[in-house]
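Below: one structure, written as structure tokens.
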There are 2 protein chains.
Amino acid sequence: MLRISKLTDYSTVILGEMARSTALTFTTAELAASTGIAQPTVSKVLKLLGKSSLVLSIRGTNGGYQLASKPEQISVAQIISAMEGPIGITECCTTSETCNHASHCHISGHWGVINRAIETTLQTITLADLVSPVSALVEMTVSVDSSAMVQSNR
Amino acid sequence: MLRISKLTDYSTVILGEMARSTALTFTTAELAASTGIAQPTVSKVLKLLGKSSLVLSIRGTNGGYQLASKPEQISVAQIISAMEGPIGITECCTTSETCNHASHCHISGHWGVINRAIETTLQTITLADLVSPVSALVEMTVSVDSSAMVQSNR
DNA sequence: TCAATACAGGACTAAAATAGTACTGTATTG
DNA sequence: CAATACAGTACTATTTTAGTCCTGTATTGA
């Protein structure tokens with residue numbers, strides 16, 4: 001568990017397809033065909049991604065969707081946030097309101113630290129990495145993450 | 001999002017309470033009182049934790065639950081796995097069977113790498129860290145995690 | 001022995017989140 | 001102005017999660 005939703009998973013596949021291809025603009029029908037995801041679902045995902053400006057939508061004939069930025073500039077953290085809202089592995093991490101158990105809870109602050117460590121990991125991985133060979137990602141995860149962790153100390 | 005379940009959250013609070021206190025054995029009623037979590041829920045959580053041998057159960061009068069190991073030896077990753085099953089942020093990460101989209105999916109392998117990075121982070125944080133001051137955890141997250149990332153390169 | 005304590009196991013209900021679909025509206029093109 | 005393709009909303013079904021309850025069993029100690 002500790003899982004992203006299926007829609008979020010789809011979103012990485014769809015964005016990956018857009019990043020891999022040489023084309024600039026994609027209709028939902030094209031993406032449905034190339035990813036094997038049902039067209040209405042593709043549409044739903046891209047609408048959500050559009051709200052967070054990860055993709056641009058172009059209406060009318062010859063319209064479709066485009067990546068709003070270069071694959072190198074779209075992080076996995078951004079994609080997850082666009083689909084599911086702010087990353088927070090506990091309720092405490094995302095909501096500001098104190099929960100019912102706050103007076104008994106001696107743990108709450110710690111999750112924030114853990115959450116930041118995970119978020120940092122996800123921020124360093126980009127869409128470009130998702131479409132590169134896996135071996136390259138392993139290298140990158142190691143080297144970049146070590147420094148990223150240190151940054152989170154601020 | 002990217003969230004652990006409430007029950008998992010409870011489990012860290014309950015285990016934290018057991019680690020913080022000087023007592024050895026705790027009844028579900030005591031833990032319900034000290035954490036503010038309903039007694040049947042406390043019971044459910046501890047039963048699950050018992051199955052993974054994170055706590056020992058002692059039946060009968062003067063019975064209750066005990067931590068099965070020292071707080072330093074119980075990782076957050078172990079706690080999450082006990083409550084929710086294997087850590088995997090996508091279905092691909094946990095199930096061996098190929099999914100319907102496998103033939104179209106150019107992403108799947110990458111999630112494994114990301115997942116391992118997150119898992120490593122969670123493995124380095126222990127129950128002892130959860131009950132220590134937050135500032136200490138921040139220090140630890142930074143220093144230990146940098147080296148942990150490098151290990152995942154193997 | 002037997003009553004009290006306390007966990008074990010399973011079943012069950014209710015609520016919430018998720019997934020997927022459908023329908024109506026609007027912008028753009030040619 | 002007709003065809004294309006996204007926008008927005010609503011809806012339904014399914015699954016997951018949360019929480020509770022009940023019956024059973026092991027242990028203790030009077």
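Chain labels run A, B, ... following the order of the structure tokens; each chain numbers its residues from 1, and ligands are numbered from 1 in the order shown.
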Could you make a table, as a Markdown table, of the residues of chain D that have an atom within 12 Å of an atom of chain B, each with its nearest atom pair and distance in Å to one decimal, counting only C-alpha atoms (C1' of nucleotides), in chain and number order?
```
| residue | atom | partner | partner_atom | distance |
| --- | --- | --- | --- | --- |
| D:DT16 | C1' | B:Ser5 | CA | 10.3 |
| D:DT17 | C1' | B:Ser5 | CA | 7.8 |
| D:DA18 | C1' | B:Leu7 | CA | 8.1 |
| D:DG19 | C1' | B:Thr41 | CA | 6.9 |
| D:DT20 | C1' | B:Pro40 | CA | 7.1 |
| D:DC21 | C1' | B:Pro40 | CA | 9.1 |
| D:DT25 | C1' | B:Arg59 | CA | 9.3 |
| D:DA26 | C1' | B:Arg59 | CA | 5.8 |
| D:DT27 | C1' | B:Gly60 | CA | 3.8 |
| D:DT28 | C1' | B:Thr61 | CA | 5.1 |
| D:DG29 | C1' | B:Thr61 | CA | 8.6 |
```
Got a sec to tell me which of range 21-143 of chain A DSSP assigns to alpha helix (DSSP H), as an mmCIF file with C-alpha atoms, in the first residue's frame?
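Once everything was written out, this is part-v3.cif:
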```
data_model
loop_
_atom_site.group_PDB
_atom_site.id
_atom_site.type_symbol
_atom_site.label_atom_id
_atom_site.label_comp_id
_atom_site.auth_asym_id
_atom_site.auth_seq_id
_atom_site.Cartn_x
_atom_site.Cartn_y
_atom_site.Cartn_z
ATOM 1 C CA THR A 28 -7.582 12.303 -26.330
ATOM 2 C CA ALA A 29 -8.507 9.698 -28.955
ATOM 3 C CA GLU A 30 -4.885 9.334 -30.073
ATOM 4 C CA LEU A 31 -3.634 9.006 -26.524
ATOM 5 C CA ALA A 32 -6.352 6.500 -25.696
ATOM 6 C CA ALA A 33 -5.207 4.398 -28.644
ATOM 7 C CA SER A 34 -1.505 4.585 -27.849
ATOM 8 C CA THR A 35 -1.858 3.928 -24.115
ATOM 9 C CA GLN A 39 -10.883 7.627 -24.019
ATOM 10 C CA PRO A 40 -13.217 9.212 -21.414
ATOM 11 C CA THR A 41 -10.653 8.374 -18.759
ATOM 12 C CA VAL A 42 -7.836 9.938 -20.761
ATOM 13 C CA SER A 43 -10.015 13.003 -21.101
ATOM 14 C CA LYS A 44 -10.643 13.170 -17.376
ATOM 15 C CA VAL A 45 -6.963 12.874 -16.557
ATOM 16 C CA LEU A 46 -5.904 15.572 -19.004
ATOM 17 C CA LYS A 47 -8.575 17.951 -17.770
ATOM 18 C CA LEU A 48 -7.148 17.595 -14.267
ATOM 19 C CA LEU A 49 -3.602 18.075 -15.484
ATOM 20 C CA GLY A 50 -4.736 21.142 -17.394
ATOM 21 C CA LYS A 51 -6.075 22.761 -14.236
ATOM 22 C CA VAL A 76 6.697 13.440 -10.456
ATOM 23 C CA ALA A 77 5.761 15.436 -7.371
ATOM 24 C CA GLN A 78 3.989 17.977 -9.577
ATOM 25 C CA ILE A 79 2.081 15.244 -11.385
ATOM 26 C CA ILE A 80 0.933 13.611 -8.160
ATOM 27 C CA SER A 81 -0.078 16.963 -6.686
ATOM 28 C CA ALA A 82 -2.038 17.853 -9.805
ATOM 29 C CA MET A 83 -3.976 14.607 -9.652
ATOM 30 C CA GLU A 84 -4.423 14.115 -5.918
ATOM 31 C CA GLU A 91 -3.958 13.996 7.417
ATOM 32 C CA CYS A 92 -1.781 16.065 9.749
ATOM 33 C CA CYS A 93 0.591 16.784 6.874
ATOM 34 C CA THR A 94 -1.973 18.510 4.661
ATOM 35 C CA SER A 108 2.342 14.354 14.620
ATOM 36 C CA GLY A 109 5.383 16.530 13.996
ATOM 37 C CA HIS A 110 7.451 13.569 12.925
ATOM 38 C CA TRP A 111 5.301 12.737 9.935
ATOM 39 C CA GLY A 112 6.030 16.162 8.511
ATOM 40 C CA VAL A 113 9.711 15.339 8.436
ATOM 41 C CA ILE A 114 9.139 11.947 6.846
ATOM 42 C CA ASN A 115 6.744 13.476 4.365
ATOM 43 C CA ARG A 116 9.265 16.110 3.308
ATOM 44 C CA ALA A 117 11.879 13.443 2.730
ATOM 45 C CA ILE A 118 9.513 11.561 0.404
ATOM 46 C CA GLU A 119 8.366 14.727 -1.341
ATOM 47 C CA THR A 120 11.953 15.720 -2.007
ATOM 48 C CA THR A 121 12.575 12.359 -3.605
ATOM 49 C CA LEU A 122 9.581 12.827 -5.887
ATOM 50 C CA GLN A 123 10.585 16.358 -6.792
ATOM 51 C CA THR A 124 13.940 15.277 -8.098
ATOM 52 C CA LEU A 127 8.940 13.169 -16.632
ATOM 53 C CA ALA A 128 12.109 13.030 -18.703
ATOM 54 C CA ASP A 129 13.490 10.449 -16.286
ATOM 55 C CA LEU A 130 10.313 8.364 -16.573
ATOM 56 C CA VAL A 134 15.452 2.528 -16.044
ATOM 57 C CA SER A 135 19.159 2.195 -15.408
ATOM 58 C CA ALA A 136 19.612 5.932 -15.893
ATOM 59 C CA LEU A 137 16.950 6.641 -13.307
ATOM 60 C CA VAL A 138 18.653 4.442 -10.746
ATOM 61 C CA GLU A 139 21.873 6.405 -11.160
ATOM 62 C CA MET A 140 20.027 9.651 -10.873
ATOM 63 C CA THR A 141 17.972 8.675 -7.851
ATOM 64 C CA VAL A 142 21.103 7.888 -5.957
ATOM 65 C CA SER A 143 23.203 10.910 -6.718
#
```
Closest contacts (chain C/chain B, max 12 Å, only C-alpha atoms (C1' of nucleotides)) as JSON lines:
```
{"residue": "C:DA3", "atom": "C1'", "partner": "B:Thr61", "partner_atom": "CA", "distance": 11.4}
{"residue": "C:DA4", "atom": "C1'", "partner": "B:Thr61", "partner_atom": "CA", "distance": 7.7}
{"residue": "C:DT5", "atom": "C1'", "partner": "B:Thr61", "partner_atom": "CA", "distance": 4.4}
{"residue": "C:DA6", "atom": "C1'", "partner": "B:Gly60", "partner_atom": "CA", "distance": 5.3}
{"residue": "C:DC7", "atom": "C1'", "partner": "B:Arg59", "partner_atom": "CA", "distance": 5.3}
{"residue": "C:DA8", "atom": "C1'", "partner": "B:Lys47", "partner_atom": "CA", "distance": 8.0}
{"residue": "C:DG9", "atom": "C1'", "partner": "B:Lys47", "partner_atom": "CA", "distance": 9.8}
{"residue": "C:DG10", "atom": "C1'", "partner": "B:Lys44", "partner_atom": "CA", "distance": 12.0}
{"residue": "C:DA17", "atom": "C1'", "partner": "B:Met1", "partner_atom": "CA", "distance": 11.6}
```
Residue subset to file, keeping N, CA and C atoms (P, O5', C5', C4', C3', O3' and C1' of nucleotides), as a short mmCIF file (atom, residue, chain, number, x, y, z; two decimals), in the first residue's frame:
```cif
data_model
loop_
_atom_site.label_atom_id
_atom_site.label_comp_id
_atom_site.auth_asym_id
_atom_site.auth_seq_id
_atom_site.Cartn_x
_atom_site.Cartn_y
_atom_site.Cartn_z
P DA C 3 -18.43 -19.85 38.58
"O5'" DA C 3 -18.25 -18.28 38.70
"C5'" DA C 3 -17.62 -17.73 39.87
"C4'" DA C 3 -16.58 -16.72 39.46
"C3'" DA C 3 -17.01 -15.75 38.37
"O3'" DA C 3 -16.65 -14.45 38.77
"C1'" DA C 3 -14.93 -16.69 37.81
P DA C 4 -17.31 -13.17 38.10
"O5'" DA C 4 -16.05 -12.29 37.75
"C5'" DA C 4 -14.98 -12.20 38.70
"C4'" DA C 4 -13.70 -11.85 37.96
"C3'" DA C 4 -13.87 -10.81 36.86
"O3'" DA C 4 -12.92 -9.77 37.05
"C1'" DA C 4 -12.72 -12.70 36.04
P DT C 5 -12.93 -8.48 36.12
"O5'" DT C 5 -11.69 -8.77 35.16
"C5'" DT C 5 -10.43 -9.07 35.74
"C4'" DT C 5 -9.47 -9.51 34.66
"C3'" DT C 5 -9.38 -8.56 33.46
"O3'" DT C 5 -8.03 -8.19 33.27
"C1'" DT C 5 -9.62 -10.81 32.75
P DA C 6 -7.65 -6.84 32.52
"O5'" DA C 6 -7.35 -7.39 31.07
"C5'" DA C 6 -6.30 -8.34 30.91
"C4'" DA C 6 -6.37 -8.97 29.55
"C3'" DA C 6 -6.73 -8.00 28.40
"O3'" DA C 6 -5.81 -8.16 27.36
"C1'" DA C 6 -8.03 -9.94 28.26
P DC C 7 -5.75 -7.17 26.13
"O5'" DC C 7 -5.52 -8.23 24.96
"C5'" DC C 7 -4.39 -9.07 25.02
"C4'" DC C 7 -4.68 -10.37 24.31
"C3'" DC C 7 -4.82 -10.23 22.79
"O3'" DC C 7 -4.12 -11.30 22.15
"C1'" DC C 7 -6.71 -11.27 23.67
P DA C 8 -4.25 -11.43 20.58
"O5'" DA C 8 -5.47 -12.43 20.39
"C5'" DA C 8 -5.33 -13.81 20.71
"C4'" DA C 8 -6.11 -14.66 19.73
"C3'" DA C 8 -6.03 -14.24 18.28
"O3'" DA C 8 -5.98 -15.42 17.47
"C1'" DA C 8 -8.28 -14.07 19.02
P DG C 9 -5.75 -15.24 15.90
"O5'" DG C 9 -7.23 -15.41 15.33
"C5'" DG C 9 -8.09 -16.40 15.85
"C4'" DG C 9 -9.48 -16.21 15.26
"C3'" DG C 9 -9.48 -15.66 13.84
"O3'" DG C 9 -10.13 -16.59 12.99
"C1'" DG C 9 -11.01 -14.48 15.22
P DG C 10 -10.17 -16.33 11.41
"O5'" DG C 10 -11.70 -15.92 11.23
"C5'" DG C 10 -12.69 -16.56 12.05
"C4'" DG C 10 -13.98 -15.77 12.00
"C3'" DG C 10 -14.31 -15.20 10.62
"O3'" DG C 10 -15.60 -15.66 10.23
"C1'" DG C 10 -14.54 -13.54 12.31
P DA C 17 -13.51 10.95 1.86
"O5'" DA C 17 -12.85 10.01 0.76
"C5'" DA C 17 -12.04 8.92 1.19
"C4'" DA C 17 -11.72 8.03 0.01
"C3'" DA C 17 -11.23 8.77 -1.23
"O3'" DA C 17 -10.07 8.08 -1.69
"C1'" DA C 17 -13.06 7.36 -1.78
#
```
Could you state the separation of CA of Ser52 in chain B and C1' of DT13 in chain C in Å, given to one decimal place?
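Atom-to-atom, CA of Ser52 in chain B to C1' of DT13 in chain C, that is 27.1 Å.
Within chain A, DSSP applied to the backbone places the following residues in strand (DSSP E): Val55, Leu56, Ser57, Ile58, Gly64, Tyr65, Gln66 and Leu67 of chain A.
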